[in-house]
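A.B. asks: For reference, this is target-v9.txt, and it has compact mmCIF, C-alpha atoms and all ligand atoms.
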```txt
# COMPACT_ATOMS: atom_id res chain seq x y z
CA MET A 1 -7.82 1.11 5.23
CA LYS A 2 -6.24 4.53 4.99
CA LEU A 3 -2.47 4.95 5.03
CA LYS A 4 -0.81 8.30 5.59
CA PHE A 5 2.94 8.66 5.16
CA LEU A 6 4.43 11.08 7.68
CA GLY A 7 8.10 10.34 7.00
CA GLY A 8 10.57 7.87 5.49
CA CYS A 9 9.38 8.69 1.95
CA ASN A 10 12.17 8.53 -0.58
CA GLU A 11 14.57 8.98 2.35
CA VAL A 12 16.19 6.98 5.12
CA GLY A 13 15.09 8.59 8.38
CA ARG A 14 12.03 9.59 10.49
CA SER A 15 9.87 6.58 9.56
CA ALA A 16 6.19 7.11 10.46
CA ILE A 17 3.09 5.57 8.84
CA LEU A 18 -0.37 6.37 10.17
CA VAL A 19 -3.13 3.78 9.62
CA ASP A 20 -6.73 5.11 9.67
CA ASP A 21 -5.56 7.97 11.93
CA ARG A 22 -5.63 5.39 14.73
CA VAL A 23 -2.59 3.17 14.60
CA LEU A 24 0.93 4.46 14.04
CA LEU A 25 3.71 2.25 12.67
CA ASP A 26 7.02 3.70 13.94
CA TYR A 27 7.73 7.28 14.90
CA GLY A 28 11.34 8.13 14.20
CA MET A 29 13.67 11.05 13.72
CA ARG A 30 16.56 11.65 11.40
CA PRO A 31 19.37 12.36 13.84
CA SER A 32 20.88 15.22 11.84
CA ASP A 33 21.77 18.59 13.32
CA PRO A 34 19.06 19.77 13.90
CA PRO A 35 17.04 16.51 13.79
CA GLU A 36 14.22 16.11 11.28
CA VAL A 37 10.94 14.83 12.70
CA PRO A 38 7.79 13.37 11.09
CA LEU A 39 5.19 15.60 9.47
CA ASN A 40 2.49 17.03 11.78
CA SER A 41 4.45 16.07 14.88
CA GLY A 42 2.52 17.26 17.91
CA ASN A 43 -0.77 17.21 15.96
CA ILE A 44 -1.62 13.55 15.73
CA SER A 45 -3.36 11.46 18.36
CA PRO A 46 -3.40 7.79 17.43
CA GLU A 47 -4.68 5.22 19.91
CA ALA A 48 -1.62 3.04 19.52
CA VAL A 49 1.91 2.97 18.17
CA ILE A 50 3.72 -0.21 17.16
CA VAL A 51 7.50 0.27 17.14
CA SER A 52 9.46 -1.97 14.75
CA HIS A 53 12.87 -1.51 16.36
CA ALA A 54 14.98 0.85 18.43
CA HIS A 55 17.06 2.66 15.81
CA LEU A 56 16.39 6.38 16.16
CA ASP A 57 14.95 6.71 12.67
CA HIS A 58 12.13 4.37 13.77
CA SER A 59 11.73 5.00 17.50
CA GLY A 60 13.38 8.35 18.24
CA MET A 61 10.18 10.41 18.55
CA VAL A 62 8.01 7.83 20.37
CA PRO A 63 8.57 9.45 23.80
CA SER A 64 7.10 12.68 22.42
CA LEU A 65 3.76 10.97 21.64
CA MET A 66 1.10 11.14 24.29
CA VAL A 67 -0.31 7.86 23.08
CA PRO A 68 -2.20 5.51 25.39
CA ASN A 69 -0.77 2.27 23.97
CA VAL A 70 2.80 1.60 22.91
CA TYR A 71 3.66 -1.88 21.63
CA MET A 72 7.16 -3.26 21.09
CA THR A 73 9.41 -6.14 22.04
CA SER A 74 11.07 -6.01 25.46
CA VAL A 75 14.54 -5.29 24.00
CA THR A 76 13.15 -2.48 21.88
CA ARG A 77 11.54 -0.94 24.97
CA ASP A 78 14.79 -0.99 26.96
CA LEU A 79 16.78 0.40 24.02
CA THR A 80 14.21 3.10 23.29
CA ILE A 81 14.51 4.32 26.88
CA LEU A 82 18.34 4.27 26.74
CA LEU A 83 18.46 6.11 23.40
CA GLY A 84 15.70 8.52 24.45
CA ARG A 85 17.84 9.61 27.42
CA ASP A 86 20.79 10.07 25.10
CA THR A 87 18.65 12.20 22.76
CA ILE A 88 17.77 14.48 25.71
CA LYS A 89 21.50 14.89 26.41
CA VAL A 90 22.40 15.57 22.77
CA GLY A 91 19.50 18.05 22.60
CA LYS A 92 20.93 20.01 25.53
CA ASP A 93 24.20 20.44 23.58
CA GLN A 94 22.60 21.16 20.21
CA GLY A 95 19.65 23.23 21.45
CA PHE A 96 16.56 21.09 20.82
CA ALA A 97 14.06 19.32 23.10
CA PHE A 98 11.23 17.12 21.82
CA PHE A 99 10.57 15.40 25.16
CA ASP A 100 11.96 15.13 28.67
CA GLU A 101 12.68 12.44 31.26
CA GLU A 102 9.06 12.55 32.48
CA ASP A 103 7.82 11.80 28.93
CA ILE A 104 10.11 8.77 28.78
CA ARG A 105 8.68 7.58 32.10
CA LYS A 106 5.14 7.96 30.74
CA MET A 107 6.01 6.15 27.54
CA ASP A 108 7.34 3.26 29.62
CA GLU A 109 4.14 3.24 31.69
CA HIS A 110 2.04 3.00 28.50
CA THR A 111 4.18 0.30 26.93
CA ARG A 112 3.08 -3.26 26.59
CA THR A 113 5.86 -5.60 25.51
CA VAL A 114 4.99 -8.13 22.84
CA ALA A 115 6.68 -11.43 21.96
CA TYR A 116 7.19 -12.66 18.41
CA GLY A 117 4.23 -14.74 17.30
CA GLU A 118 1.81 -13.35 19.89
CA ARG A 119 -1.54 -12.13 18.47
CA VAL A 120 -2.53 -8.85 20.09
CA ALA A 121 -5.92 -7.16 19.82
CA LEU A 122 -5.56 -3.39 19.92
CA ASN A 123 -7.50 -1.76 22.73
CA GLY A 124 -11.08 -0.87 21.91
CA SER A 125 -10.81 -1.37 18.18
CA ASP A 126 -11.09 -4.05 15.57
CA TYR A 127 -7.38 -4.33 14.75
CA GLU A 128 -5.09 -7.17 15.65
CA PHE A 129 -1.41 -7.52 15.02
CA GLU A 130 1.53 -9.90 15.29
CA LEU A 131 5.31 -9.29 15.29
CA PHE A 132 7.91 -11.41 13.45
CA ASN A 133 11.69 -11.44 13.85
CA ALA A 134 13.10 -9.04 11.25
CA GLY A 135 16.75 -10.18 11.60
CA HIS A 136 18.00 -6.57 11.67
CA ILE A 137 19.01 -5.89 15.30
CA PRO A 138 17.99 -7.61 18.55
CA GLY A 139 14.26 -7.06 19.11
CA SER A 140 13.61 -5.84 15.56
CA SER A 141 10.20 -6.78 14.20
CA ALA A 142 8.16 -6.91 11.06
CA THR A 143 4.48 -6.20 11.74
CA TYR A 144 1.37 -7.95 10.41
CA LEU A 145 -1.71 -5.79 11.07
CA ARG A 146 -5.28 -6.85 10.26
CA LYS A 147 -8.47 -4.82 10.36
CA ALA A 148 -11.33 -7.25 10.95
CA SER A 149 -14.26 -5.01 9.96
CA GLU A 150 -12.85 -4.50 6.45
CA ASP A 151 -11.11 -7.88 6.26
CA ILE A 152 -7.91 -6.19 5.09
CA SER A 153 -4.34 -6.67 6.23
CA LEU A 154 -0.91 -5.16 5.82
CA PHE A 155 2.63 -6.35 6.40
CA TYR A 156 5.28 -3.77 7.34
CA THR A 157 8.87 -5.01 7.17
CA GLY A 158 10.47 -2.26 9.27
CA ASP A 159 14.21 -2.75 8.62
CA ILE A 160 14.77 -6.35 7.63
CA ARG A 161 17.61 -8.75 6.90
CA MET A 162 17.20 -12.17 5.33
CA ALA A 163 20.66 -13.59 6.03
CA GLU A 164 22.10 -14.34 9.44
CA THR A 165 24.97 -12.42 10.98
CA ARG A 166 27.12 -13.27 13.97
CA LEU A 167 24.69 -11.38 16.22
CA MET A 168 21.31 -12.12 14.63
CA LYS A 169 19.18 -14.94 13.34
CA SER A 170 17.80 -14.22 9.89
CA ALA A 171 14.21 -13.17 9.29
CA ALA A 172 12.17 -16.09 7.90
CA PRO A 173 9.98 -14.88 4.99
CA SER A 174 8.44 -18.35 4.61
CA GLU A 175 6.76 -17.78 7.98
CA PHE A 176 5.29 -14.39 7.06
CA PRO A 177 1.49 -14.42 6.60
CA ALA A 178 -0.10 -13.42 3.30
CA SER A 179 -1.35 -9.83 3.35
CA ASP A 180 -3.24 -7.45 1.08
CA ILE A 181 -0.72 -4.64 1.43
CA LEU A 182 3.08 -4.77 1.74
CA LEU A 183 5.10 -1.85 3.15
CA LEU A 184 8.71 -2.57 2.33
CA GLU A 185 11.98 -0.95 3.36
CA SER A 186 14.16 -0.19 0.31
CA THR A 187 17.54 0.84 1.77
CA TYR A 188 19.64 -1.43 -0.45
CA TYR A 189 17.49 -1.43 -3.61
CA ASN A 190 19.89 -1.78 -6.53
CA LYS A 191 22.82 -2.51 -4.19
CA GLU A 192 23.94 -6.06 -3.59
CA HIS A 193 25.94 -6.97 -0.48
CA ARG A 194 29.38 -8.47 -0.90
CA ASP A 195 30.06 -11.97 0.33
CA ARG A 196 30.24 -11.55 4.09
CA GLN A 197 33.04 -14.01 4.78
CA GLU A 198 35.26 -12.67 2.06
CA MET A 199 34.74 -9.16 3.40
CA GLU A 200 35.48 -10.25 6.98
CA HIS A 201 38.79 -11.67 5.78
CA GLU A 202 39.73 -8.45 4.03
CA PHE A 203 38.73 -6.44 7.10
CA ILE A 204 40.84 -8.62 9.40
CA ASP A 205 43.83 -8.67 7.02
CA SER A 206 43.75 -4.90 6.84
CA ILE A 207 43.74 -4.65 10.65
CA LYS A 208 46.59 -7.13 11.07
CA GLU A 209 48.67 -5.35 8.45
CA THR A 210 48.15 -1.98 10.15
CA LEU A 211 49.05 -3.28 13.60
CA ALA A 212 52.16 -5.00 12.21
CA SER A 213 53.36 -1.74 10.68
CA GLY A 214 52.95 0.05 14.02
CA GLY A 215 49.72 1.91 13.19
CA ASN A 216 46.43 2.14 15.07
CA VAL A 217 42.99 1.20 13.77
CA ILE A 218 39.78 3.10 14.49
CA VAL A 219 36.56 1.21 13.72
CA PRO A 220 33.61 3.63 13.99
CA CYS A 221 30.36 1.74 14.66
CA PHE A 222 26.72 2.44 15.53
CA ALA A 223 26.11 1.66 19.19
CA VAL A 224 23.13 -0.59 18.54
CA GLY A 225 23.92 -3.77 16.64
CA ARG A 226 27.04 -2.87 14.69
CA THR A 227 29.41 -2.49 17.68
CA GLN A 228 28.39 -5.92 18.97
CA GLU A 229 28.67 -7.55 15.52
CA VAL A 230 32.15 -6.10 14.95
CA VAL A 231 33.42 -7.07 18.42
CA MET A 232 32.21 -10.63 17.72
CA ILE A 233 34.02 -10.70 14.37
CA LEU A 234 37.26 -9.44 15.93
CA HIS A 235 37.05 -11.98 18.74
CA SER A 236 36.58 -14.86 16.32
CA TYR A 237 39.86 -13.91 14.64
CA GLY A 238 41.71 -13.59 17.96
CA ILE A 239 41.87 -9.78 18.03
CA THR A 240 41.29 -7.99 21.34
CA PRO A 241 39.82 -4.53 20.70
CA TYR A 242 39.24 -1.58 22.97
CA VAL A 243 35.57 -0.57 23.12
CA ASP A 244 34.53 3.00 23.90
CA GLY A 245 31.09 4.68 23.83
CA MET A 246 27.48 3.62 24.16
CA GLY A 247 27.99 0.25 22.44
CA LEU A 248 29.07 -1.15 25.80
CA GLY A 249 25.84 -0.10 27.56
CA VAL A 250 23.89 -1.60 24.68
CA PHE A 251 25.81 -4.88 25.04
CA ARG A 252 24.90 -5.00 28.76
CA LEU A 253 21.27 -4.44 27.83
CA PHE A 254 21.34 -7.21 25.19
CA LYS A 255 22.67 -9.57 27.87
CA ASN A 256 19.33 -9.25 29.67
CA HIS A 257 17.49 -10.52 26.57
CA PRO A 258 19.40 -13.62 25.45
CA SER A 259 16.45 -15.08 23.51
CA PHE A 260 16.71 -12.23 20.98
CA LEU A 261 20.34 -13.10 20.17
CA LYS A 262 21.59 -15.82 17.86
CA ASN A 263 24.24 -16.90 20.33
CA ALA A 264 24.28 -15.09 23.68
CA LYS A 265 27.36 -16.99 24.83
CA ALA A 266 29.38 -15.99 21.75
CA LEU A 267 28.47 -12.34 22.36
CA ASN A 268 29.46 -12.62 26.03
CA ASP A 269 32.76 -14.29 25.22
CA ALA A 270 33.59 -11.58 22.69
CA PHE A 271 32.93 -8.77 25.17
CA ASN A 272 34.71 -10.59 28.00
CA ASN A 273 37.76 -10.52 25.77
CA ALA A 274 37.46 -6.80 24.93
CA GLN A 275 38.98 -3.92 26.93
CA PHE A 276 36.55 -1.21 27.99
CA VAL A 277 37.59 2.41 27.91
CA ASN A 278 36.17 5.37 29.75
CA MET A 279 37.09 9.01 29.57
CA THR A 280 39.99 8.72 32.05
CA ARG A 281 41.56 5.73 30.31
CA ARG A 282 41.35 7.21 26.82
CA LYS A 283 44.72 8.90 26.79
CA ASN A 284 46.59 5.60 27.37
CA ILE A 285 45.02 3.73 24.47
CA PHE A 286 47.49 4.27 21.66
CA SER A 287 50.64 3.66 23.71
CA GLU A 288 51.02 0.54 21.53
CA PRO A 289 49.34 -0.43 18.21
CA SER A 290 45.66 -0.97 19.00
CA VAL A 291 42.19 -1.46 17.55
CA ILE A 292 39.43 0.74 18.95
CA VAL A 293 35.74 0.11 18.24
CA THR A 294 33.78 3.24 19.04
CA THR A 295 30.79 5.48 18.31
CA ALA A 296 29.52 7.32 16.31
CA GLY A 297 29.31 5.14 13.20
CA MET A 298 29.18 8.15 10.87
CA LEU A 299 31.66 10.20 12.95
CA ASN A 300 29.04 12.77 13.92
CA GLY A 301 30.10 13.22 17.53
CA GLY A 302 31.01 10.70 20.21
CA PRO A 303 34.43 9.44 21.37
CA VAL A 304 35.47 8.57 17.80
CA LEU A 305 36.34 12.25 17.29
CA TYR A 306 38.83 12.12 20.16
CA TYR A 307 40.64 9.17 18.55
CA LEU A 308 40.52 10.73 15.10
CA LYS A 309 42.23 13.85 16.41
CA LYS A 310 44.91 11.63 17.94
CA ILE A 311 45.81 9.70 14.77
CA HIS A 312 44.82 12.04 11.94
CA LYS A 313 48.43 12.89 11.04
CA ASP A 314 49.67 9.31 11.11
CA PRO A 315 49.75 7.72 7.62
CA LYS A 316 50.43 4.30 9.20
CA SER A 317 47.04 4.34 10.98
CA LYS A 318 43.63 3.53 9.50
CA VAL A 319 39.96 4.37 9.84
CA LEU A 320 37.78 1.40 8.88
CA LEU A 321 34.19 2.50 8.30
CA THR A 322 31.66 -0.29 8.80
CA GLY A 323 28.59 0.93 6.98
CA TYR A 324 26.96 3.38 4.61
CA GLN A 325 27.76 7.06 5.33
CA ILE A 326 24.80 9.34 4.64
CA GLU A 327 25.20 12.73 3.05
CA GLY A 328 26.09 15.59 5.37
CA THR A 329 27.92 13.41 7.90
CA ASN A 330 31.59 13.55 8.83
CA GLY A 331 31.97 10.00 7.55
CA ARG A 332 30.85 11.05 4.08
CA ARG A 333 33.19 14.07 4.19
CA LEU A 334 36.08 11.82 5.15
CA ILE A 335 35.48 9.52 2.16
CA GLU A 336 34.90 12.30 -0.34
CA ASP A 337 37.21 15.10 0.81
CA GLY A 338 39.66 13.46 3.22
CA HIS A 339 38.72 15.65 6.16
CA VAL A 340 36.29 15.84 9.07
CA GLU A 341 34.93 18.68 11.17
CA VAL A 342 35.65 18.59 14.87
CA ASP A 343 34.50 21.40 17.21
CA GLY A 344 33.93 23.65 14.19
CA LYS A 345 37.46 23.09 12.88
CA VAL A 346 38.41 21.25 9.70
CA VAL A 347 40.78 18.37 10.43
CA LYS A 348 42.65 16.84 7.50
CA VAL A 349 43.07 13.08 7.90
CA SER A 350 46.29 11.52 6.57
CA ALA A 351 45.49 8.10 7.99
CA SER A 352 44.03 5.85 5.29
CA VAL A 353 40.30 5.24 5.13
CA GLU A 354 38.56 2.04 4.04
CA GLN A 355 34.88 1.22 3.87
CA TYR A 356 33.24 -2.13 4.68
CA ASP A 357 29.60 -3.07 4.34
CA PHE A 358 28.55 -4.89 7.51
CA SER A 359 24.97 -3.98 6.76
CA ALA A 360 21.99 -5.27 8.76
CA HIS A 361 19.61 -4.76 5.82
CA ALA A 362 18.41 -7.01 3.01
CA GLY A 363 20.34 -6.64 -0.23
CA ASP A 364 18.85 -5.95 -3.65
CA SER A 365 17.95 -9.51 -4.66
CA GLU A 366 16.48 -10.28 -1.23
CA LEU A 367 14.23 -7.22 -1.44
CA LYS A 368 13.06 -8.23 -4.92
CA ASP A 369 12.44 -11.84 -3.79
CA LEU A 370 10.31 -10.53 -0.96
CA VAL A 371 8.10 -8.47 -3.28
CA SER A 372 7.72 -11.47 -5.55
CA ARG A 373 6.83 -13.81 -2.66
CA PHE A 374 4.18 -11.49 -1.23
CA CYS A 375 2.60 -10.79 -4.61
CA LYS A 376 2.44 -14.53 -5.38
CA ASN A 377 0.59 -14.93 -2.08
CA GLY A 378 -2.04 -12.37 -3.00
CA THR A 379 -0.61 -8.96 -2.06
CA GLU A 380 -2.24 -6.34 -4.27
CA VAL A 381 -0.37 -3.15 -3.40
CA VAL A 382 3.27 -2.64 -2.44
CA PHE A 383 4.55 0.61 -0.93
CA MET A 384 8.29 1.23 -1.11
CA VAL A 385 9.53 3.25 1.87
CA HIS A 386 12.79 3.93 3.73
CA GLY A 387 15.17 4.28 0.79
CA GLU A 388 16.69 6.89 -1.51
CA HIS A 389 15.51 5.16 -4.71
CA THR A 390 11.93 4.16 -3.92
CA ASN A 391 10.58 5.48 -7.26
CA GLU A 392 12.95 3.24 -9.21
CA PHE A 393 12.12 0.27 -6.98
CA ALA A 394 8.37 0.78 -7.48
CA ALA A 395 8.87 1.00 -11.25
CA TRP A 396 10.93 -2.21 -11.14
CA ALA A 397 8.11 -4.02 -9.27
CA ARG A 398 5.44 -2.82 -11.73
CA ASP A 399 7.54 -3.89 -14.73
CA ASN A 400 8.86 -7.19 -13.40
CA ILE A 401 6.24 -8.48 -10.98
CA GLY A 402 3.20 -6.78 -12.44
CA CYS A 403 1.84 -5.68 -9.07
CA GLU A 404 0.65 -2.24 -8.14
CA ALA A 405 3.70 -0.56 -6.57
CA ILE A 406 3.90 2.93 -5.14
CA ALA A 407 6.69 5.15 -3.82
CA PRO A 408 4.64 7.42 -1.55
CA LYS A 409 5.59 11.07 -1.13
CA LEU A 410 5.77 12.80 2.21
CA GLY A 411 2.27 13.61 3.49
CA GLU A 412 0.41 11.53 0.91
CA GLU A 413 -2.66 9.49 1.84
CA TYR A 414 -3.89 6.31 0.20
CA ILE A 415 -7.15 4.46 0.75
CA ILE A 416 -6.99 0.74 0.03
CA GLU A 417 -10.22 -1.22 -0.23
ZN ZN A 501 17.31 0.13 11.60
```
If you took the structure in this file and wrote it as structure tokens, what would it be?
C.D. replies:
Amino acid sequence: MKLKFLGGCNEVGRSAILVDDRVLLDYGMRPSDPPEVPLNSGNISPEAVIVSHAHLDHSGMVPSLMVPNVYMTSVTRDLTILLGRDTIKVGKDQGFAFFDEEDIRKMDEHTRTVAYGERVALNGSDYEFELFNAGHIPGSSATYLRKASEDISLFYTGDIRMAETRLMKSAAPSEFPASDILLLESTYYNKEHRDRQEMEHEFIDSIKETLASGGNVIVPCFAVGRTQEVVMILHSYGITPYVDGMGLGVFRLFKNHPSFLKNAKALNDAFNNAQFVNMTRRKNIFSEPSVIVTTAGMLNGGPVLYYLKKIHKDPKSKVLLTGYQIEGTNGRRLIEDGHVEVDGKVVKVSASVEQYDFSAHAGDSELKDLVSRFCKNGTEVVFMVHGEHTNEFAAWARDNIGCEAIAPKLGEEYIIE
């Protein structure tokens, strides 16, 4: 089996792994300005692509592929279409175009939705695969792929989380099949998550304190997964937030796929309690102390910039970041330099800024346990992908587990026999 790494090597973004030039695992983009796309984009013609989940860094370039077979869960298909349309819109503003509406229509036509646990034979070849709940966002999957003629198999985690959240059931590693090769995300290598409940309490206390002192709270969130998780947390503590941005459309989409949610009723109740905001209602929001949950999670565009401009001079107000802020984003600038850039202007933020880790990824010890479990079950080679410290993680696995572990570089090819 030949593996070629077209992206997501020693980086978080544009995941794309080509198997035997025939089967593609993910085809993402890094949504920077301008976006970064996988190597050789436009020059590969696999027979099939299996999409792990709908985050742009895994699915964002799928509509650009003229591939005859696209496989993903039903939620991932609906989200990929929604986000693909948004990418077209963003591209019109920023001056790029990787695909158009017609390409999205074709992708949909070529898509076959797959349920967890269903064995699928790939068209006209000797591969078969199966998807497992990855516990990351609704519809997210880990992929087991087997090539019958060589009797060799791989397991690709995609983005994975091994502890449940309010929105998601945990992935279940004990149900994962043994495989010869493991391809493992490494986002939180060497970083352990804090205790979730303790952090929720701190988050809620901070919000209550701010509201009591007459300030407003902005909670920037990714549209897919994080917005819904945070609205559920707020609801469970009796806080009614305003919700603005694409997170609302994503919630409506999730409602159509209740079996992919841990508790569809709890999600519904939380959103029934929230107040939705559109462009015309925005200006009335801060007439009294309020909490607003809005996109973008790293402050790179979206309605969050409108709210930031409104409160940036108010030291009583707060910005509560809900996840990691990658380099080059406004969120990172805000943490490091206390300012953001809006419409080409530097805006100094006097409101206080706090950071919380409501991550949907496995933490350090969970990643290490997973390597150990697979290697005990016969895995011979582990590839560390999708992380900024994959070299260190591979060295850790060689030293501590004794398996062959590799941090592939962009464009590298490996043949496993
Ligand atoms: Zn993801």
A.B. asks: Please provide the set of residues having any atom within 12 Å of region 86-94 of chain A, restricted to only C-alpha atoms, with same-chain residues fewer than 4 positions apart removed, written as a ChimeraX atom specification.
C.D. replies: /A:28-35,55-56,59-64,79-82,98-104,223,245-246,249,300-302
A.B. asks: Put those residues in a file: C-alpha atoms, as a PDB file, in the coordinates of the input.
C.D. replies:
```
ATOM      1  CA  GLY A  28      11.340   8.130  14.200  1.00  0.00           C
ATOM      2  CA  MET A  29      13.670  11.050  13.720  1.00  0.00           C
ATOM      3  CA  ARG A  30      16.560  11.650  11.400  1.00  0.00           C
ATOM      4  CA  PRO A  31      19.370  12.360  13.840  1.00  0.00           C
ATOM      5  CA  SER A  32      20.880  15.220  11.840  1.00  0.00           C
ATOM      6  CA  ASP A  33      21.770  18.590  13.320  1.00  0.00           C
ATOM      7  CA  PRO A  34      19.060  19.770  13.900  1.00  0.00           C
ATOM      8  CA  PRO A  35      17.040  16.510  13.790  1.00  0.00           C
ATOM      9  CA  HIS A  55      17.060   2.660  15.810  1.00  0.00           C
ATOM     10  CA  LEU A  56      16.390   6.380  16.160  1.00  0.00           C
ATOM     11  CA  SER A  59      11.730   5.000  17.500  1.00  0.00           C
ATOM     12  CA  GLY A  60      13.380   8.350  18.240  1.00  0.00           C
ATOM     13  CA  MET A  61      10.180  10.410  18.550  1.00  0.00           C
ATOM     14  CA  VAL A  62       8.010   7.830  20.370  1.00  0.00           C
ATOM     15  CA  PRO A  63       8.570   9.450  23.800  1.00  0.00           C
ATOM     16  CA  SER A  64       7.100  12.680  22.420  1.00  0.00           C
ATOM     17  CA  LEU A  79      16.780   0.400  24.020  1.00  0.00           C
ATOM     18  CA  THR A  80      14.210   3.100  23.290  1.00  0.00           C
ATOM     19  CA  ILE A  81      14.510   4.320  26.880  1.00  0.00           C
ATOM     20  CA  LEU A  82      18.340   4.270  26.740  1.00  0.00           C
ATOM     21  CA  PHE A  98      11.230  17.120  21.820  1.00  0.00           C
ATOM     22  CA  PHE A  99      10.570  15.400  25.160  1.00  0.00           C
ATOM     23  CA  ASP A 100      11.960  15.130  28.670  1.00  0.00           C
ATOM     24  CA  GLU A 101      12.680  12.440  31.260  1.00  0.00           C
ATOM     25  CA  GLU A 102       9.060  12.550  32.480  1.00  0.00           C
ATOM     26  CA  ASP A 103       7.820  11.800  28.930  1.00  0.00           C
ATOM     27  CA  ILE A 104      10.110   8.770  28.780  1.00  0.00           C
ATOM     28  CA  ALA A 223      26.110   1.660  19.190  1.00  0.00           C
ATOM     29  CA  GLY A 245      31.090   4.680  23.830  1.00  0.00           C
ATOM     30  CA  MET A 246      27.480   3.620  24.160  1.00  0.00           C
ATOM     31  CA  GLY A 249      25.840  -0.100  27.560  1.00  0.00           C
ATOM     32  CA  ASN A 300      29.040  12.770  13.920  1.00  0.00           C
ATOM     33  CA  GLY A 301      30.100  13.220  17.530  1.00  0.00           C
ATOM     34  CA  GLY A 302      31.010  10.700  20.210  1.00  0.00           C
TER      35      GLY A 302
END
```
A.B. asks: Show me which residues sit within 7 Å of ligand ZN 501 (chain A) when counting only C-alpha atoms and all ligand atoms, and put them as a CSV table (one decimal) with C-alpha atoms, in the coordinates of the input.
C.D. replies:
```csv
chain,number,residue,atom,x,y,z
A,53,HIS,CA,12.9,-1.5,16.4
A,55,HIS,CA,17.1,2.7,15.8
A,136,HIS,CA,18.0,-6.6,11.7
A,159,ASP,CA,14.2,-2.8,8.6
```
A.B. asks: Would you pick out the contacts of region 349-366 of chain A at 6 Å or less, using all atoms listed in the file, so that residues sharing its chain but fewer than 2 positions from it are not included, and give the list as a list in words?
C.D. replies: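 Using all atoms listed in the file, the neighbours found are His136, Ile160, Arg161, Met162, Tyr188, Tyr189, Asn190, Lys191, Glu192, His193, His312, Lys313, Asp314, Pro315, Ser317, Lys318, Val319, Leu320, Leu321, Thr322, Gly323, Gly338, His339, Lys368 and Asp369 of chain A.
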A.B. asks: Kindly extract all protein, DNA and RNA residues lying within 7 Å of the coordinates (24.0, -14.4, 22.6) given in the file, considering all atoms listed in the file, and supply them as an NGL selection string.
C.D. replies: :A and (258 or 261-268)
A.B. asks: Take CA of Ala163 (chain A) and CA of Phe222 (chain A) and report the distance between them in Å, one decimal.
C.D. replies: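 Computed distance, CA of Ala163 (chain A) to CA of Phe222 (chain A), equals 19.6 Å.
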